[in-house]
$ cat structure.tsv   # TSV, C-alpha atoms
chain	number	residue	atom	x	y	z
A	83	ILE	CA	-15.13	-91.47	-38.89
A	84	THR	CA	-12.22	-90.75	-36.57
A	85	MET	CA	-9.55	-91.62	-39.18
A	86	PHE	CA	-9.59	-88.04	-40.45
A	87	GLY	CA	-9.83	-86.46	-37.01
A	88	ASN	CA	-8.38	-87.82	-33.81
A	89	PRO	CA	-8.11	-91.59	-34.33
A	90	LEU	CA	-8.89	-92.74	-30.82
A	91	SER	CA	-11.26	-95.50	-29.80
A	92	TRP	CA	-12.67	-95.16	-26.30
A	93	PHE	CA	-13.98	-98.60	-25.46
A	94	GLU	CA	-12.92	-101.82	-23.80
A	95	THR	CA	-11.67	-104.13	-26.57
A	96	THR	CA	-11.95	-107.23	-24.39
A	97	GLY	CA	-15.73	-106.91	-24.73
A	98	LEU	CA	-15.57	-107.35	-28.52
A	99	SER	CA	-16.48	-110.64	-30.15
A	100	ALA	CA	-13.84	-112.45	-32.22
A	101	ASN	CA	-15.57	-111.24	-35.40
A	102	GLN	CA	-15.60	-107.62	-34.18
A	103	ARG	CA	-11.90	-107.83	-33.27
A	104	GLU	CA	-11.04	-109.10	-36.76
A	105	ARG	CA	-13.07	-106.30	-38.38
A	106	LEU	CA	-11.32	-103.71	-36.21
A	107	LYS	CA	-7.91	-105.17	-37.09
A	108	SER	CA	-8.67	-104.89	-40.82
A	109	VAL	CA	-9.71	-101.21	-40.47
A	110	ILE	CA	-6.53	-100.42	-38.54
A	111	ALA	CA	-4.41	-102.32	-41.10
A	112	ALA	CA	-5.90	-100.20	-43.92
A	113	TYR	CA	-5.50	-96.94	-41.97
A	114	LYS	CA	-1.98	-97.27	-40.49
A	115	PRO	CA	0.06	-97.05	-43.71
A	116	ARG	CA	-2.00	-94.03	-44.82
A	117	ARG	CA	-2.34	-92.05	-41.58
A	118	GLU	CA	0.71	-89.79	-42.06
A	119	ALA	CA	-0.42	-88.81	-45.56
A	120	ILE	CA	-4.00	-88.21	-44.35
A	121	HIS	CA	-2.83	-85.85	-41.61
A	122	ARG	CA	-0.33	-84.04	-43.89
A	123	GLY	CA	-3.20	-83.07	-46.17
A	124	ALA	CA	-5.84	-80.40	-45.79
A	125	ILE	CA	-8.90	-82.13	-44.30
A	126	PHE	CA	-12.42	-81.13	-45.38
A	127	PRO	CA	-15.92	-82.35	-44.59
A	128	ILE	CA	-17.66	-83.37	-47.83
A	129	GLY	CA	-21.21	-84.17	-48.84
A	130	GLU	CA	-24.23	-83.44	-46.73
A	131	GLU	CA	-24.40	-82.75	-43.03
A	132	PRO	CA	-24.72	-86.07	-41.19
A	133	SER	CA	-28.36	-86.65	-40.32
A	134	GLY	CA	-28.74	-90.41	-40.34
A	135	LEU	CA	-30.29	-90.11	-43.82
A	136	SER	CA	-27.54	-88.49	-45.90
A	137	TRP	CA	-24.34	-89.12	-47.85
A	138	THR	CA	-21.43	-87.57	-45.98
A	139	GLY	CA	-17.69	-87.94	-45.50
A	140	PHE	CA	-14.22	-86.45	-45.25
A	141	GLN	CA	-11.44	-85.67	-47.70
A	142	SER	CA	-7.73	-85.18	-47.09
A	143	HIS	CA	-6.04	-83.50	-50.06
A	144	LEU	CA	-2.32	-83.01	-50.73
A	145	ASP	CA	-2.12	-80.02	-53.11
A	146	ALA	CA	1.42	-80.57	-54.32
A	147	SER	CA	0.77	-84.08	-55.57
A	148	ASP	CA	-2.88	-84.05	-56.74
A	149	SER	CA	-3.52	-86.94	-54.38
A	150	GLY	CA	-5.31	-87.68	-51.16
A	151	HIS	CA	-7.82	-89.82	-49.32
A	152	VAL	CA	-11.60	-89.88	-49.06
A	153	VAL	CA	-13.98	-91.67	-46.72
A	154	VAL	CA	-17.67	-91.58	-47.72
A	155	PHE	CA	-20.65	-92.74	-45.69
A	156	ARG	CA	-24.01	-93.81	-47.02
A	157	GLU	CA	-26.45	-93.39	-44.19
A	158	LEU	CA	-30.04	-94.67	-44.27
A	159	ASN	CA	-31.23	-93.58	-47.74
A	160	ASP	CA	-32.34	-95.09	-51.06
A	161	ALA	CA	-29.66	-93.51	-53.30
A	162	SER	CA	-27.05	-96.10	-54.31
A	163	SER	CA	-24.65	-93.37	-55.47
A	164	HIS	CA	-23.93	-89.75	-54.68
A	165	GLY	CA	-21.81	-86.98	-56.21
A	166	PHE	CA	-19.33	-85.25	-53.92
A	167	LYS	CA	-17.64	-81.95	-54.76
A	168	LEU	CA	-14.02	-82.61	-53.81
A	169	ASN	CA	-11.60	-79.89	-52.80
A	170	GLY	CA	-8.41	-78.98	-54.65
A	171	LEU	CA	-8.72	-81.37	-57.58
A	172	ASN	CA	-7.39	-80.04	-60.85
A	173	PRO	CA	-9.21	-81.22	-63.98
A	174	GLY	CA	-7.93	-84.57	-65.22
A	175	VAL	CA	-8.26	-88.31	-64.79
A	176	TYR	CA	-8.04	-89.66	-61.25
A	177	ALA	CA	-7.70	-93.21	-59.99
A	178	PHE	CA	-9.61	-93.93	-56.78
A	179	LYS	CA	-8.17	-97.04	-55.14
A	180	HIS	CA	-10.53	-98.75	-52.73
A	181	ALA	CA	-8.72	-99.22	-49.40
A	182	HIS	CA	-11.43	-100.51	-47.04
A	183	GLY	CA	-15.15	-100.76	-46.42
A	184	ASN	CA	-17.52	-101.31	-49.31
A	185	GLY	CA	-17.29	-100.00	-52.82
A	186	GLN	CA	-14.80	-100.58	-55.62
A	187	SER	CA	-11.77	-98.95	-57.18
A	188	PHE	CA	-12.56	-96.72	-60.16
A	189	GLU	CA	-11.20	-94.07	-62.49
A	190	VAL	CA	-13.02	-90.86	-63.29
A	191	GLU	CA	-12.42	-87.76	-65.38
A	192	VAL	CA	-12.82	-84.75	-63.13
A	193	SER	CA	-13.89	-81.47	-64.73
A	194	GLU	CA	-13.91	-77.92	-63.38
A	195	ASP	CA	-16.90	-78.76	-61.14
A	196	ARG	CA	-14.72	-81.28	-59.20
A	197	LEU	CA	-17.73	-83.60	-58.82
A	198	VAL	CA	-16.95	-87.28	-58.18
A	199	SER	CA	-19.66	-89.90	-57.82
A	200	PHE	CA	-19.28	-92.73	-55.29
A	201	SER	CA	-21.43	-95.87	-55.15
A	202	LEU	CA	-22.00	-98.05	-52.11
A	203	PRO	CA	-24.19	-101.15	-51.95
A	204	GLY	CA	-26.92	-100.99	-49.34
A	205	THR	CA	-27.51	-98.53	-46.57
A	206	LEU	CA	-25.30	-97.86	-43.55
A	207	ASN	CA	-22.11	-98.43	-45.50
A	208	TYR	CA	-18.82	-96.66	-46.01
A	209	GLY	CA	-15.92	-96.67	-48.43
A	210	PHE	CA	-12.33	-95.55	-47.79
A	211	TYR	CA	-10.31	-94.56	-50.88
A	212	GLU	CA	-6.86	-93.32	-51.82
A	213	TYR	CA	-6.74	-91.18	-54.98
A	214	ASN	CA	-4.08	-89.94	-57.40
A	215	ARG	CA	-4.18	-87.90	-60.56
A	216	LYS	CA	-2.99	-89.92	-63.51
A	217	ALA	CA	-0.37	-88.45	-65.83
$ encode --input "structure.tsv" --output "structure tokens"
Amino acid sequence: ITMFGNPLSWFETTGLSANQRERLKSVIAAYKPRREAIHRGAIFPIGEEPSGLSWTGFQSHLDASDSGHVVVFRELNDASSHGFKLNGLNPGVYAFKHAHGNGQSFEVEVSEDRLVSFSLPGTLNYGFYEYNRKA
């Protein structure tokens, strides 16, 4: 969640198990090469208000390049996919490259409604994506 805000972790890492340390390392490795681009973009909350039962997330959009990043969260609910209205997307075909978490890379044709559907397996999951408009 903090990748699109203030990416600080306030906890004692020595208390993490070896598995938890490896998972944290993989999140940081996915985030670090993208952090400058994320924070250069306009950042928006997307989806529903977090409630523990919703689909929610954040988008960072770079207007000049029709590109950006999205992180979506599937909280405790039965819907395996959800449509998010993304900000600033011009109509066209976009490639969403899966960067971390669950989910898969995909391409989608975005119309004037700017609605993009994301799928995540199981509850309490997230997906982190980088997107670009295809020529």
$ residues_around --input "structure.tsv" --residues "Glu130 in chain A" --least-positions-apart "6" --cutoff "9 Å" --atoms "all atoms listed in the file" --output "list in words"
Ser136, Trp137, Thr138, Gly139 and Phe166 of chain A
$ residues_around --input "structure.tsv" --residues "Asn172 in chain A" --least-positions-apart "4" --cutoff "8 Å" --atoms "only C-alpha atoms" --output "ChimeraX atom specification"
/A:148,192-194,196
$ closest_residue --input "structure.tsv" --among "A:Gly165, A:Gly209, A:Gly87, A:Gly183" --to "Gly123 in chain A" --atoms "all atoms listed in the file"
A:Gly87
$ closest_atom_pairs --input "structure.tsv" --of "range 137-186 of chain A" --to "range 95-112 of chain A" --cutoff "12 Å" --atoms "all atoms listed in the file" --output "CSV"
residue,atom,partner,partner_atom,distance
A:His151,CA,A:Ala112,CA,11.9
A:Lys179,CA,A:Ala112,CA,11.9
A:His180,CA,A:Ala112,CA,10.1
A:Ala181,CA,A:Ala112,CA,6.2
A:His182,CA,A:Ala112,CA,6.4
A:Gly183,CA,A:Val109,CA,8.1
A:Asn184,CA,A:Val109,CA,11.8
$ residues_around --input "structure.tsv" --residues "Val152 in chain A" --least-positions-apart "6" --cutoff "12 Å" --atoms "all atoms listed in the file" --output "ChimeraX atom specification"
/A:83,85-86,113,116,119-120,123-129,138-144,166-169,178-183,198-200,208-214
$ closest_residue --input "structure.tsv" --among "A:Lys114, A:Arg156, A:Arg122, A:Arg215" --to "Val175 in chain A" --atoms "all atoms listed in the file"
A:Arg215
$ atom_distance --input "structure.tsv" --atom1 "CA of Ser147 in chain A" --atom2 "CA of Gly170 in chain A"
10.5 Å
$ closest_residue --input "structure.tsv" --among "A:Leu158, A:Gly150, A:Glu118, A:Ser201" --to "Gly134 in chain A" --atoms "all atoms listed in the file"
A:Leu158
$ atom_distance --input "structure.tsv" --atom1 "CA of Gly174 in chain A" --atom2 "CA of Ala161 in chain A"
26.3 Å
$ atom_distance --input "structure.tsv" --atom1 "CA of Leu206 in chain A" --atom2 "CA of Asn88 in chain A"
22.0 Å
$ axis_aligned_box --input "structure.tsv" --around "range 116-131 of chain A" --padding-each-side "5 Å" --output "JSON"
{"center_x": -11.8, "center_y": -87.2, "center_z": -45.2, "size_x": 35.1, "size_y": 23.6, "size_z": 17.3}
